[in-house]
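Q: This is the structure, below, for whatever I ask next.
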Amino acid sequence: MSSPHNHSSSDSGGDVRSAEEGSLLGTLIGLWPFIWPHDRSDLKARVGIAMVLLVLAKLATLAVPFTFKWAVDGLGGQAPSGVSGEQWWVWLIASPIIMTLAYGGMRIVMALLTQVRDGLFAKVSMHAVRKLAYRTFEHMHQLSLRFHLERKTGGLTRVLERGRNGIETIVRMVILQLLPTIIEVGLLTGVLLYQFDWRYVAITMAMIALYVAYTYVATEWRINIRRRMNDSDTDANTKAIDSLLNYETVKYFSAEEREASRYDKSMERYEKASVKTYTSLAVLNAGQAVIFTAGLSAVMLMCVYGIRQGTNTVGDFVMINAMMIQLYVPLNFMGMVYREIKQAVVDIEMMFSILARNPEIKDAPNAVPLQVSKGVIRFENVHFAYDPERQILKGLTFDVGAGQTVAIVGPSGAGKSTISRLLYRFYDVSEGRILIDGQDIRQVQQKSLRAAIGMVPQDTVLFNDTIRYNIRYGRWDASDAEVEEAARLAQIDGFIRLSPDGYETEVGERGLKLSGGEKQRVAIARTILKAPPILLLDEATSALDSHTEKEIQDALEDVSRNRTTLVIAHRLSTIVGADEIIVVEQGRIVERGRHAQLLEQNGLYASMWNRQREAEERQPDQCDARVLVRGLDGDVEEVPVNELAGHDRNQCDHQRG
């Protein structure tokens, strides 16, 4: 039996290459199946056509200087070498007017081919972005609970966001800028050899090599400066948000000047880093300009010498200048291209590293759907540890009979919530096994296991959507009528209908527009809608006041009727009617029995019961208490607790009576 520790190592992706070790070639190899998808012949055709258009656009780019040369030579009265001036069609070709029109035409063709290429390739690149983002998002949900507990959710979403942007950058920079530049340099080399000689090629290649080397060194230097600027910007932004979120606290302690000073110090660091960033950019641009201009001047001087020797024309002089100037445009972006590609490689490799992680909990190769006939649960000698050096559960054995309610109680850290996580198979047991109707849950499909269990957690977190959406989450194909019936059974339908928007009311992020009791009722409603044969209540009322707790408890009792129910309890008053109460301490069962039996034993359960009763007796009369409540419409009003809990004044009088 594998231990949780071993599982953890598989989920951590220890053998996966780190993002920093990623290379452009490796990233392109990883992206290729998404750019060239085997099941999308239409996208493959787009890639092929785009590559053809890319080459044609570069040929048109190099044709522009030729038309420029012929127009200048025509103005100078020079016909193309080797052609007799008596031939009328030679005059037509050499005509300055025709060549000027051809010059403009070639520039239009070059621009159109480039734009059509980019438009065609956009569908390919965005398809790659969507498919890879979808696969990563899906894989994140397959990874273990341990993986998500050890990481910040915001960090994972940033990986997803940066990965998407990285794919777009790689496609845009490599395929639409770097590759065309390489092709252009190759074609330029051929033209220089054909039209001039090897010396022009040598000077041009030396200039390009020096240009790229300088750009690499300067950009590496600038990246560190830029990083410091970004860090300063982030620090200033964080301080501003933190201070504004704590506006009232700042006012309580008259700390406006102190907060402004903290923010200004961060902005001062940002100012200095920004100045260095712009200065370093000026150094980069100046060096690039010097290197390119030196190369341009060298080949033009050679052409001047050729004109004086009679081996070149004035048109050649114009042509070499135009060719080099056209080359300068993509070269000028090399620093930005390098920086963007480098960052994109890191971002995509981080996404790939998540995709490479193996889920800790996987279906067995021969896993079958869970078949629930009675819903009998059995924990058989269950051991478990999150960390091998600290055992949480130490040989738990108990049964939950069909239709019975069994409660698990115990002090904090006893392992109560771990039991619910193991039943849901968020983790696998270290030793022993968990059975449902005689089936080991490790041998059944996870999807069928979780479909058979309904969970009402201690802390209900809702989606930032409507109440209807959150209830329907229990069973997505449910009709509106079924959703509303579930809400009625959960005793929240009347409250919902009091809101102007009814079931279409937005609950806010994490459901913060609802009170704790309202959120719990929504959770109960979606569990009712799911209609599972097994119910798991994980301290579902521990965060509520006693009156709200009573209402929620009544609803939970209705839901659990005729269902196998396992209750993880904090407030013992909620489980006095359980068929069996199991008391857990330090991962072991120390007592078990019904409520009255456990009180008679005068052990740990009785001690916990007495402490809770004493604490409740010290609480003020809830019927006289009043609280401020924010309704679904956003208005705040003072409401008596008895009304909030659903009691009327007569009930309170009866309680006092």
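Residue numbers start at 1 in each chain; chains themselves are named A, B, ... in the order of the structure tokens; ligands are numbered from 1 in the order shown.
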List the neighbours of range 255-260 of chain A out to 10 Å using only C-alpha atoms; skip same-chain residues closer than 3 positions along the sequence, and give me the result as a PyMOL selection string.

A: chain A and resi 239-240+242-244+247+249-252+263-265

Q: In Å, rounded to a single decimal, give me how far CA of Asp363 in chain A is from CA of Thr136 in chain A.

A: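 It comes out at 19.2 Å.
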
Q: For Gly603 in chain A, which residue among A:Glu518, A:Gly410, A:Val174, A:Gly48 is the nearest when counting only C-alpha atoms?

A: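 For Gly603 in chain A, the nearest of the candidates is A:Gly410.
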
Q: Which is closest to Arg450 in chain A among A:Ser420, A:Gln553, A:Thr466, A:Thr293, if we use only C-alpha atoms?

A: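 The shortest atom-to-atom distance to Arg450 in chain A comes from A:Ser420.
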
Q: Nearest to Gln443 in chain A among A:Glu504, A:Asn464, A:Pro411, A:Lys362, with distances taken over only C-alpha atoms: which residue is it?

A: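 Residue with the minimum atom-to-atom distance to Gln443 in chain A: A:Lys362.
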
Q: Could you tell me how far CA of Phe196 in chain A lies from CA of Ala209 in chain A, in Å and to one decimal?

A: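 Between CA of Phe196 in chain A and CA of Ala209 in chain A the gap works out to 20.3 Å.
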
Q: Which is closer to Pro96 in chain A than all the others in A:Ala122, A:Lys69, A:Arg488, A:Lys342, using only C-alpha atoms?

A: A:Lys69

Q: Taking the DSSP secondary structure from the backbone, can you list the residues of range 159-399 of chain A that are alpha helix (DSSP H), as a PyMOL selection string?

A: chain A and resi 159-170+179-195+198-245+247-252+256-309+314-332+334-355

Q: Which residues are close to Tyr214 in chain A, i.e. within 10 Å by only C-alpha atoms, leaving aside same-chain residues fewer than 2 positions away? Reply as JSON, numbers by chain.

A: {"A": [208, 209, 210, 211, 212, 216, 217, 218, 219, 220, 284, 287, 288, 291, 335]}

Q: Hey, can you check how far CA of Gly375 in chain A sits from CA of Arg475 in chain A?

A: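 Distance reported for this atom pair: 19.8 Å.
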
Q: Would you please work out which residue, of A:Asn610, A:Thr527, A:Thr189, A:Gln446, is nearest to Ala367 in chain A when using only C-alpha atoms?

A: A:Gln446
